[in-house]
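Listing of start-v2.txt, compact mmCIF, N, CA and C atoms
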# COMPACT_ATOMS: atom_id res chain seq x y z
N MET A 1 -105.58 -22.57 49.34
CA MET A 1 -105.33 -22.57 50.75
C MET A 1 -104.20 -21.60 51.08
N ASN A 2 -103.14 -21.65 50.28
CA ASN A 2 -102.01 -20.73 50.50
C ASN A 2 -102.45 -19.28 50.33
N GLN A 3 -103.35 -19.04 49.38
CA GLN A 3 -103.83 -17.68 49.17
C GLN A 3 -104.61 -17.20 50.40
N LEU A 4 -105.41 -18.07 50.99
CA LEU A 4 -106.17 -17.73 52.19
C LEU A 4 -105.24 -17.41 53.36
N ILE A 5 -104.21 -18.22 53.51
CA ILE A 5 -103.23 -17.99 54.58
C ILE A 5 -102.53 -16.66 54.36
N THR A 6 -102.15 -16.37 53.13
CA THR A 6 -101.47 -15.12 52.82
C THR A 6 -102.38 -13.93 53.10
N THR A 7 -103.65 -14.03 52.70
CA THR A 7 -104.60 -12.94 52.92
C THR A 7 -104.81 -12.71 54.41
N CYS A 8 -104.99 -13.76 55.16
CA CYS A 8 -105.24 -13.63 56.60
C CYS A 8 -104.02 -13.11 57.35
N SER A 9 -102.84 -13.51 56.92
CA SER A 9 -101.64 -13.06 57.61
C SER A 9 -101.35 -11.59 57.33
N ALA A 10 -101.85 -11.09 56.21
CA ALA A 10 -101.62 -9.68 55.87
C ALA A 10 -102.72 -8.77 56.41
N THR A 11 -103.84 -9.35 56.88
CA THR A 11 -104.95 -8.56 57.38
C THR A 11 -104.81 -8.36 58.89
N ALA A 12 -105.01 -7.11 59.30
CA ALA A 12 -104.93 -6.81 60.73
C ALA A 12 -106.23 -7.22 61.41
N HIS A 13 -106.11 -7.91 62.54
CA HIS A 13 -107.26 -8.35 63.32
C HIS A 13 -107.22 -7.66 64.68
N ASP A 14 -108.37 -7.13 65.07
CA ASP A 14 -108.49 -6.46 66.36
C ASP A 14 -108.87 -7.50 67.41
N PRO A 15 -107.98 -7.77 68.38
CA PRO A 15 -108.30 -8.79 69.39
C PRO A 15 -109.51 -8.40 70.25
N ASP A 16 -109.71 -7.09 70.48
CA ASP A 16 -110.87 -6.67 71.26
C ASP A 16 -112.17 -6.97 70.51
N ASP A 17 -112.15 -6.78 69.20
CA ASP A 17 -113.33 -7.10 68.38
C ASP A 17 -113.61 -8.60 68.42
N TYR A 18 -112.53 -9.39 68.34
CA TYR A 18 -112.68 -10.85 68.42
C TYR A 18 -113.29 -11.24 69.76
N ASP A 19 -112.77 -10.70 70.85
CA ASP A 19 -113.29 -11.03 72.18
C ASP A 19 -114.75 -10.60 72.33
N LYS A 20 -115.08 -9.46 71.77
CA LYS A 20 -116.46 -8.97 71.83
C LYS A 20 -117.41 -9.89 71.07
N ARG A 21 -117.02 -10.28 69.86
CA ARG A 21 -117.85 -11.20 69.06
C ARG A 21 -117.97 -12.56 69.75
N PHE A 22 -116.86 -13.03 70.33
CA PHE A 22 -116.88 -14.31 71.03
C PHE A 22 -117.85 -14.24 72.21
N GLN A 23 -117.80 -13.16 72.98
CA GLN A 23 -118.69 -13.00 74.14
C GLN A 23 -120.15 -12.95 73.70
N GLN A 24 -120.43 -12.24 72.60
CA GLN A 24 -121.80 -12.17 72.09
C GLN A 24 -122.30 -13.55 71.68
N LEU A 25 -121.45 -14.30 70.99
CA LEU A 25 -121.85 -15.64 70.55
C LEU A 25 -122.02 -16.58 71.75
N GLU A 26 -121.16 -16.44 72.73
CA GLU A 26 -121.28 -17.27 73.93
C GLU A 26 -122.57 -16.95 74.69
N ASN A 27 -122.91 -15.66 74.81
CA ASN A 27 -124.16 -15.27 75.47
C ASN A 27 -125.37 -15.82 74.71
N ARG A 28 -125.31 -15.69 73.40
CA ARG A 28 -126.41 -16.22 72.57
C ARG A 28 -126.55 -17.73 72.75
N HIS A 29 -125.42 -18.41 72.81
CA HIS A 29 -125.45 -19.86 73.01
C HIS A 29 -126.13 -20.20 74.34
N HIS A 30 -125.77 -19.49 75.41
CA HIS A 30 -126.37 -19.76 76.72
C HIS A 30 -127.88 -19.46 76.72
N GLN A 31 -128.28 -18.38 76.05
CA GLN A 31 -129.70 -18.05 75.98
C GLN A 31 -130.47 -19.14 75.24
N LEU A 32 -129.92 -19.59 74.12
CA LEU A 32 -130.59 -20.64 73.34
C LEU A 32 -130.61 -21.97 74.10
N GLU A 33 -129.54 -22.24 74.84
CA GLU A 33 -129.49 -23.47 75.64
C GLU A 33 -130.56 -23.42 76.74
N ASN A 34 -130.72 -22.27 77.41
CA ASN A 34 -131.76 -22.13 78.44
C ASN A 34 -133.15 -22.27 77.84
N LYS A 35 -133.35 -21.69 76.66
CA LYS A 35 -134.64 -21.79 75.98
C LYS A 35 -134.94 -23.25 75.62
N GLN A 36 -133.93 -23.95 75.14
CA GLN A 36 -134.11 -25.36 74.78
C GLN A 36 -134.45 -26.20 75.99
N GLN A 37 -133.80 -25.93 77.13
CA GLN A 37 -134.10 -26.66 78.37
C GLN A 37 -135.52 -26.37 78.84
N SER A 38 -135.95 -25.12 78.71
CA SER A 38 -137.31 -24.75 79.10
C SER A 38 -138.33 -25.48 78.24
N ILE A 39 -138.10 -25.52 76.94
CA ILE A 39 -139.01 -26.21 76.03
C ILE A 39 -139.02 -27.71 76.32
N THR A 40 -137.87 -28.26 76.63
CA THR A 40 -137.79 -29.69 76.97
C THR A 40 -138.61 -29.99 78.22
N ARG A 41 -138.52 -29.11 79.24
CA ARG A 41 -139.32 -29.30 80.45
C ARG A 41 -140.82 -29.20 80.14
N GLN A 42 -141.20 -28.26 79.29
CA GLN A 42 -142.61 -28.12 78.92
C GLN A 42 -143.12 -29.38 78.20
N ILE A 43 -142.31 -29.91 77.30
CA ILE A 43 -142.70 -31.13 76.58
C ILE A 43 -142.85 -32.29 77.56
N LYS A 44 -141.91 -32.41 78.50
CA LYS A 44 -141.97 -33.49 79.49
C LYS A 44 -143.23 -33.35 80.34
N ASN A 45 -143.55 -32.12 80.75
CA ASN A 45 -144.74 -31.87 81.56
C ASN A 45 -146.01 -32.23 80.79
N ILE A 46 -146.08 -31.83 79.54
CA ILE A 46 -147.27 -32.14 78.72
C ILE A 46 -147.41 -33.64 78.52
N ARG A 47 -146.31 -34.33 78.28
CA ARG A 47 -146.37 -35.79 78.12
C ARG A 47 -146.84 -36.47 79.40
N HIS A 48 -146.35 -35.96 80.54
CA HIS A 48 -146.75 -36.53 81.84
C HIS A 48 -148.24 -36.31 82.08
N ARG A 49 -148.72 -35.08 81.82
CA ARG A 49 -150.14 -34.79 82.01
C ARG A 49 -151.00 -35.61 81.06
N ARG A 50 -150.53 -35.82 79.84
CA ARG A 50 -151.28 -36.65 78.88
C ARG A 50 -151.38 -38.08 79.38
N ALA A 51 -150.26 -38.60 79.89
CA ALA A 51 -150.28 -39.98 80.42
C ALA A 51 -151.24 -40.09 81.60
N GLN A 52 -151.28 -39.06 82.46
CA GLN A 52 -152.22 -39.07 83.58
C GLN A 52 -153.66 -39.04 83.07
N ALA A 53 -153.94 -38.22 82.06
CA ALA A 53 -155.29 -38.13 81.51
C ALA A 53 -155.72 -39.46 80.90
N ILE A 54 -154.79 -40.13 80.25
CA ILE A 54 -155.11 -41.44 79.66
C ILE A 54 -155.43 -42.45 80.77
N GLU A 55 -154.65 -42.41 81.85
CA GLU A 55 -154.92 -43.32 82.97
C GLU A 55 -156.29 -43.06 83.58
N VAL A 56 -156.65 -41.80 83.76
CA VAL A 56 -157.97 -41.46 84.31
C VAL A 56 -159.06 -41.92 83.36
N ARG A 57 -158.88 -41.65 82.06
CA ARG A 57 -159.89 -42.07 81.08
C ARG A 57 -160.07 -43.59 81.10
N ASP A 58 -158.98 -44.32 81.12
CA ASP A 58 -159.06 -45.78 81.14
C ASP A 58 -159.72 -46.28 82.43
N TYR A 59 -159.39 -45.63 83.56
CA TYR A 59 -159.99 -46.03 84.83
C TYR A 59 -161.50 -45.79 84.80
N LEU A 60 -161.89 -44.60 84.35
CA LEU A 60 -163.32 -44.27 84.32
C LEU A 60 -164.08 -45.16 83.34
N ALA A 61 -163.42 -45.59 82.28
CA ALA A 61 -164.08 -46.45 81.29
C ALA A 61 -164.41 -47.82 81.88
N THR A 62 -163.66 -48.23 82.91
CA THR A 62 -163.90 -49.56 83.49
C THR A 62 -164.84 -49.52 84.68
N GLN A 63 -165.23 -48.32 85.13
CA GLN A 63 -166.11 -48.19 86.29
C GLN A 63 -167.57 -48.12 85.87
N PRO A 64 -168.44 -48.72 86.67
CA PRO A 64 -169.87 -48.61 86.35
C PRO A 64 -170.34 -47.17 86.56
N PRO A 65 -171.39 -46.77 85.86
CA PRO A 65 -171.87 -45.39 86.04
C PRO A 65 -172.39 -45.18 87.46
N LEU A 66 -172.25 -43.94 87.93
CA LEU A 66 -172.74 -43.62 89.28
C LEU A 66 -174.26 -43.55 89.27
N GLU A 67 -174.84 -44.05 90.30
CA GLU A 67 -176.28 -44.00 90.43
C GLU A 67 -176.64 -43.28 91.73
N TYR A 68 -177.73 -42.55 91.68
CA TYR A 68 -178.19 -41.85 92.87
C TYR A 68 -178.79 -42.86 93.84
N SER A 69 -178.45 -42.64 95.11
CA SER A 69 -179.10 -43.42 96.16
C SER A 69 -179.17 -42.54 97.41
N ASP A 70 -180.15 -42.78 98.25
CA ASP A 70 -180.28 -42.02 99.48
C ASP A 70 -179.05 -42.19 100.36
N GLN A 71 -178.49 -43.38 100.36
CA GLN A 71 -177.32 -43.66 101.18
C GLN A 71 -176.12 -42.84 100.69
N ALA A 72 -175.93 -42.77 99.36
CA ALA A 72 -174.82 -41.99 98.81
C ALA A 72 -175.00 -40.51 99.12
N TRP A 73 -176.23 -40.01 98.98
CA TRP A 73 -176.52 -38.61 99.27
C TRP A 73 -176.21 -38.30 100.74
N ASN A 74 -176.65 -39.15 101.65
CA ASN A 74 -176.42 -38.93 103.08
C ASN A 74 -174.94 -39.07 103.44
N THR A 75 -174.21 -39.83 102.70
CA THR A 75 -172.78 -40.00 102.95
C THR A 75 -172.00 -38.76 102.54
N LEU A 76 -172.41 -38.11 101.46
CA LEU A 76 -171.68 -36.97 100.90
C LEU A 76 -172.12 -35.62 101.45
N VAL A 77 -173.40 -35.45 101.74
CA VAL A 77 -173.94 -34.13 102.05
C VAL A 77 -174.11 -33.95 103.55
N ASP A 78 -173.61 -32.81 104.05
CA ASP A 78 -173.79 -32.46 105.45
C ASP A 78 -175.14 -31.79 105.64
N HIS A 79 -175.40 -30.75 104.84
CA HIS A 79 -176.72 -30.10 104.88
C HIS A 79 -176.90 -29.24 103.63
N ALA A 80 -178.15 -28.87 103.37
CA ALA A 80 -178.49 -28.00 102.24
C ALA A 80 -179.29 -26.83 102.77
N THR A 81 -179.04 -25.65 102.19
CA THR A 81 -179.74 -24.44 102.60
C THR A 81 -180.43 -23.85 101.38
N ILE A 82 -181.72 -23.54 101.51
CA ILE A 82 -182.47 -22.91 100.43
C ILE A 82 -182.72 -21.47 100.83
N THR A 83 -182.27 -20.53 100.00
CA THR A 83 -182.43 -19.11 100.31
C THR A 83 -183.77 -18.60 99.78
N ASP A 84 -184.11 -17.36 100.14
CA ASP A 84 -185.38 -16.76 99.73
C ASP A 84 -185.52 -16.65 98.21
N ASP A 85 -184.39 -16.47 97.52
CA ASP A 85 -184.47 -16.33 96.05
C ASP A 85 -184.48 -17.68 95.34
N GLY A 86 -184.52 -18.78 96.08
CA GLY A 86 -184.62 -20.11 95.50
C GLY A 86 -183.29 -20.78 95.24
N THR A 87 -182.19 -20.15 95.63
CA THR A 87 -180.86 -20.74 95.46
C THR A 87 -180.67 -21.84 96.49
N ILE A 88 -180.12 -22.95 96.04
CA ILE A 88 -179.83 -24.05 96.95
C ILE A 88 -178.31 -24.14 97.14
N GLU A 89 -177.87 -24.07 98.37
CA GLU A 89 -176.47 -24.21 98.70
C GLU A 89 -176.28 -25.53 99.42
N ILE A 90 -175.40 -26.35 98.89
CA ILE A 90 -175.16 -27.68 99.48
C ILE A 90 -173.80 -27.67 100.16
N GLN A 91 -173.76 -28.08 101.40
CA GLN A 91 -172.52 -28.19 102.17
C GLN A 91 -172.16 -29.66 102.24
N PHE A 92 -171.04 -30.02 101.63
CA PHE A 92 -170.59 -31.41 101.64
C PHE A 92 -169.79 -31.69 102.90
N LYS A 93 -169.78 -32.93 103.29
CA LYS A 93 -169.03 -33.34 104.47
C LYS A 93 -167.54 -33.25 104.16
N ALA A 94 -166.78 -32.90 105.18
CA ALA A 94 -165.32 -32.78 105.00
C ALA A 94 -164.63 -34.11 105.17
If you took the structure in this file and wrote it as structure tokens, what would it be?
Amino acid sequence: MNQLITTCSATAHDPDDYDKRFQQLENRHHQLENKQQSITRQIKNIRHRRAQAIEVRDYLATQPPLEYSDQAWNTLVDHATITDDGTIEIQFKA
């Protein structure tokens, strides 16, 4: 320990170099901190979307399958247009 103290006390240190290195390390720290926060937000978003998908899946699993009926068709569809090339365009009610 004494040898380290002696070596350091005899070595010239440039305060400008120290300040420059400190600033570089501080900038790097802030960049990494911002990156970490961004990744944390992405993880939170993915977890939230996964939870929503699970809720939808569970809800749909408990619902009976949809069946076609004239009443359902009339409730959803405003009108249908058939073009000359055979394309059918369906306009749903708003």
Run DSSP on the backbone and grab whatever in segment 24-88 of chain A lands in strand (DSSP E or B); send it over as a compact mmCIF listing (two decimals) with N, CA and C atoms, keeping the file's coordinate frame.
# COMPACT_ATOMS: atom_id res chain seq x y z
N VAL A 77 -173.40 -35.45 101.74
CA VAL A 77 -173.94 -34.13 102.05
C VAL A 77 -174.11 -33.95 103.55
N ASP A 78 -173.61 -32.81 104.05
CA ASP A 78 -173.79 -32.46 105.45
C ASP A 78 -175.14 -31.79 105.64
N HIS A 79 -175.40 -30.75 104.84
CA HIS A 79 -176.72 -30.10 104.88
C HIS A 79 -176.90 -29.24 103.63
N ALA A 80 -178.15 -28.87 103.37
CA ALA A 80 -178.49 -28.00 102.24
C ALA A 80 -179.29 -26.83 102.77
N THR A 81 -179.04 -25.65 102.19
CA THR A 81 -179.74 -24.44 102.60
C THR A 81 -180.43 -23.85 101.38
N ILE A 82 -181.72 -23.54 101.51
CA ILE A 82 -182.47 -22.91 100.43
C ILE A 82 -182.72 -21.47 100.83
N ILE A 88 -180.12 -22.95 96.04
CA ILE A 88 -179.83 -24.05 96.95
C ILE A 88 -178.31 -24.14 97.14
Could you pull out the residues in chain A that DSSP calls alpha helix (DSSP H) from the backbone, as a short mmCIF file (atom, residue, chain, number, x, y, z; two decimals) with N, CA and C atoms, keeping the file's coordinate frame?
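After the write, result_5.cif holds the following:
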data_model
loop_
_atom_site.label_atom_id
_atom_site.label_comp_id
_atom_site.auth_asym_id
_atom_site.auth_seq_id
_atom_site.Cartn_x
_atom_site.Cartn_y
_atom_site.Cartn_z
N ASN A 2 -103.14 -21.65 50.28
CA ASN A 2 -102.01 -20.73 50.50
C ASN A 2 -102.45 -19.28 50.33
N GLN A 3 -103.35 -19.04 49.38
CA GLN A 3 -103.83 -17.68 49.17
C GLN A 3 -104.61 -17.20 50.40
N LEU A 4 -105.41 -18.07 50.99
CA LEU A 4 -106.17 -17.73 52.19
C LEU A 4 -105.24 -17.41 53.36
N ILE A 5 -104.21 -18.22 53.51
CA ILE A 5 -103.23 -17.99 54.58
C ILE A 5 -102.53 -16.66 54.36
N THR A 6 -102.15 -16.37 53.13
CA THR A 6 -101.47 -15.12 52.82
C THR A 6 -102.38 -13.93 53.10
N THR A 7 -103.65 -14.03 52.70
CA THR A 7 -104.60 -12.94 52.92
C THR A 7 -104.81 -12.71 54.41
N CYS A 8 -104.99 -13.76 55.16
CA CYS A 8 -105.24 -13.63 56.60
C CYS A 8 -104.02 -13.11 57.35
N SER A 9 -102.84 -13.51 56.92
CA SER A 9 -101.64 -13.06 57.61
C SER A 9 -101.35 -11.59 57.33
N ALA A 10 -101.85 -11.09 56.21
CA ALA A 10 -101.62 -9.68 55.87
C ALA A 10 -102.72 -8.77 56.41
N PRO A 15 -107.98 -7.77 68.38
CA PRO A 15 -108.30 -8.79 69.39
C PRO A 15 -109.51 -8.40 70.25
N ASP A 16 -109.71 -7.09 70.48
CA ASP A 16 -110.87 -6.67 71.26
C ASP A 16 -112.17 -6.97 70.51
N ASP A 17 -112.15 -6.78 69.20
CA ASP A 17 -113.33 -7.10 68.38
C ASP A 17 -113.61 -8.60 68.42
N TYR A 18 -112.53 -9.39 68.34
CA TYR A 18 -112.68 -10.85 68.42
C TYR A 18 -113.29 -11.24 69.76
N ASP A 19 -112.77 -10.70 70.85
CA ASP A 19 -113.29 -11.03 72.18
C ASP A 19 -114.75 -10.60 72.33
N LYS A 20 -115.08 -9.46 71.77
CA LYS A 20 -116.46 -8.97 71.83
C LYS A 20 -117.41 -9.89 71.07
N ARG A 21 -117.02 -10.28 69.86
CA ARG A 21 -117.85 -11.20 69.06
C ARG A 21 -117.97 -12.56 69.75
N PHE A 22 -116.86 -13.03 70.33
CA PHE A 22 -116.88 -14.31 71.03
C PHE A 22 -117.85 -14.24 72.21
N GLN A 23 -117.80 -13.16 72.98
CA GLN A 23 -118.69 -13.00 74.14
C GLN A 23 -120.15 -12.95 73.70
N GLN A 24 -120.43 -12.24 72.60
CA GLN A 24 -121.80 -12.17 72.09
C GLN A 24 -122.30 -13.55 71.68
N LEU A 25 -121.45 -14.30 70.99
CA LEU A 25 -121.85 -15.64 70.55
C LEU A 25 -122.02 -16.58 71.75
N GLU A 26 -121.16 -16.44 72.73
CA GLU A 26 -121.28 -17.27 73.93
C GLU A 26 -122.57 -16.95 74.69
N ASN A 27 -122.91 -15.66 74.81
CA ASN A 27 -124.16 -15.27 75.47
C ASN A 27 -125.37 -15.82 74.71
N ARG A 28 -125.31 -15.69 73.40
CA ARG A 28 -126.41 -16.22 72.57
C ARG A 28 -126.55 -17.73 72.75
N HIS A 29 -125.42 -18.41 72.81
CA HIS A 29 -125.45 -19.86 73.01
C HIS A 29 -126.13 -20.20 74.34
N HIS A 30 -125.77 -19.49 75.41
CA HIS A 30 -126.37 -19.76 76.72
C HIS A 30 -127.88 -19.46 76.72
N GLN A 31 -128.28 -18.38 76.05
CA GLN A 31 -129.70 -18.05 75.98
C GLN A 31 -130.47 -19.14 75.24
N LEU A 32 -129.92 -19.59 74.12
CA LEU A 32 -130.59 -20.64 73.34
C LEU A 32 -130.61 -21.97 74.10
N GLU A 33 -129.54 -22.24 74.84
CA GLU A 33 -129.49 -23.47 75.64
C GLU A 33 -130.56 -23.42 76.74
N ASN A 34 -130.72 -22.27 77.41
CA ASN A 34 -131.76 -22.13 78.44
C ASN A 34 -133.15 -22.27 77.84
N LYS A 35 -133.35 -21.69 76.66
CA LYS A 35 -134.64 -21.79 75.98
C LYS A 35 -134.94 -23.25 75.62
N GLN A 36 -133.93 -23.95 75.14
CA GLN A 36 -134.11 -25.36 74.78
C GLN A 36 -134.45 -26.20 75.99
N GLN A 37 -133.80 -25.93 77.13
CA GLN A 37 -134.10 -26.66 78.37
C GLN A 37 -135.52 -26.37 78.84
N SER A 38 -135.95 -25.12 78.71
CA SER A 38 -137.31 -24.75 79.10
C SER A 38 -138.33 -25.48 78.24
N ILE A 39 -138.10 -25.52 76.94
CA ILE A 39 -139.01 -26.21 76.03
C ILE A 39 -139.02 -27.71 76.32
N THR A 40 -137.87 -28.26 76.63
CA THR A 40 -137.79 -29.69 76.97
C THR A 40 -138.61 -29.99 78.22
N ARG A 41 -138.52 -29.11 79.24
CA ARG A 41 -139.32 -29.30 80.45
C ARG A 41 -140.82 -29.20 80.14
N GLN A 42 -141.20 -28.26 79.29
CA GLN A 42 -142.61 -28.12 78.92
C GLN A 42 -143.12 -29.38 78.20
N ILE A 43 -142.31 -29.91 77.30
CA ILE A 43 -142.70 -31.13 76.58
C ILE A 43 -142.85 -32.29 77.56
N LYS A 44 -141.91 -32.41 78.50
CA LYS A 44 -141.97 -33.49 79.49
C LYS A 44 -143.23 -33.35 80.34
N ASN A 45 -143.55 -32.12 80.75
CA ASN A 45 -144.74 -31.87 81.56
C ASN A 45 -146.01 -32.23 80.79
N ILE A 46 -146.08 -31.83 79.54
CA ILE A 46 -147.27 -32.14 78.72
C ILE A 46 -147.41 -33.64 78.52
N ARG A 47 -146.31 -34.33 78.28
CA ARG A 47 -146.37 -35.79 78.12
C ARG A 47 -146.84 -36.47 79.40
N HIS A 48 -146.35 -35.96 80.54
CA HIS A 48 -146.75 -36.53 81.84
C HIS A 48 -148.24 -36.31 82.08
N ARG A 49 -148.72 -35.08 81.82
CA ARG A 49 -150.14 -34.79 82.01
C ARG A 49 -151.00 -35.61 81.06
N ARG A 50 -150.53 -35.82 79.84
CA ARG A 50 -151.28 -36.65 78.88
C ARG A 50 -151.38 -38.08 79.38
N ALA A 51 -150.26 -38.60 79.89
CA ALA A 51 -150.28 -39.98 80.42
C ALA A 51 -151.24 -40.09 81.60
N GLN A 52 -151.28 -39.06 82.46
CA GLN A 52 -152.22 -39.07 83.58
C GLN A 52 -153.66 -39.04 83.07
N ALA A 53 -153.94 -38.22 82.06
CA ALA A 53 -155.29 -38.13 81.51
C ALA A 53 -155.72 -39.46 80.90
N ILE A 54 -154.79 -40.13 80.25
CA ILE A 54 -155.11 -41.44 79.66
C ILE A 54 -155.43 -42.45 80.77
N GLU A 55 -154.65 -42.41 81.85
CA GLU A 55 -154.92 -43.32 82.97
C GLU A 55 -156.29 -43.06 83.58
N VAL A 56 -156.65 -41.80 83.76
CA VAL A 56 -157.97 -41.46 84.31
C VAL A 56 -159.06 -41.92 83.36
N ARG A 57 -158.88 -41.65 82.06
CA ARG A 57 -159.89 -42.07 81.08
C ARG A 57 -160.07 -43.59 81.10
N ASP A 58 -158.98 -44.32 81.12
CA ASP A 58 -159.06 -45.78 81.14
C ASP A 58 -159.72 -46.28 82.43
N TYR A 59 -159.39 -45.63 83.56
CA TYR A 59 -159.99 -46.03 84.83
C TYR A 59 -161.50 -45.79 84.80
N LEU A 60 -161.89 -44.60 84.35
CA LEU A 60 -163.32 -44.27 84.32
C LEU A 60 -164.08 -45.16 83.34
N ALA A 61 -163.42 -45.59 82.28
CA ALA A 61 -164.08 -46.45 81.29
C ALA A 61 -164.41 -47.82 81.88
N THR A 62 -163.66 -48.23 82.91
CA THR A 62 -163.90 -49.56 83.49
C THR A 62 -164.84 -49.52 84.68
N ASP A 70 -180.15 -42.78 98.25
CA ASP A 70 -180.28 -42.02 99.48
C ASP A 70 -179.05 -42.19 100.36
N GLN A 71 -178.49 -43.38 100.36
CA GLN A 71 -177.32 -43.66 101.18
C GLN A 71 -176.12 -42.84 100.69
N ALA A 72 -175.93 -42.77 99.36
CA ALA A 72 -174.82 -41.99 98.81
C ALA A 72 -175.00 -40.51 99.12
N TRP A 73 -176.23 -40.01 98.98
CA TRP A 73 -176.52 -38.61 99.27
C TRP A 73 -176.21 -38.30 100.74
N ASN A 74 -176.65 -39.15 101.65
CA ASN A 74 -176.42 -38.93 103.08
C ASN A 74 -174.94 -39.07 103.44
N THR A 75 -174.21 -39.83 102.70
CA THR A 75 -172.78 -40.00 102.95
C THR A 75 -172.00 -38.76 102.54
N LEU A 76 -172.41 -38.11 101.46
CA LEU A 76 -171.68 -36.97 100.90
C LEU A 76 -172.12 -35.62 101.45
#
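Interatomic distance, atom C of Leu76 of chain A against atom N of Val56 of chain A: 24.3 Å.
Closest approach to Phe92 of chain A from the set A:Ile39, A:Val77, A:Ile46, A:Met1 is made by A:Val77, with distances taken over only N, CA and C atoms.
Atom CA of Lys93 of chain A to atom N of Ala72 of chain A spans 12.8 Å [interatomic distance, one decimal].
The spacing separating atom CA of Gly86 of chain A from atom CA of Asp70 of chain A amounts to 22.7 Å.
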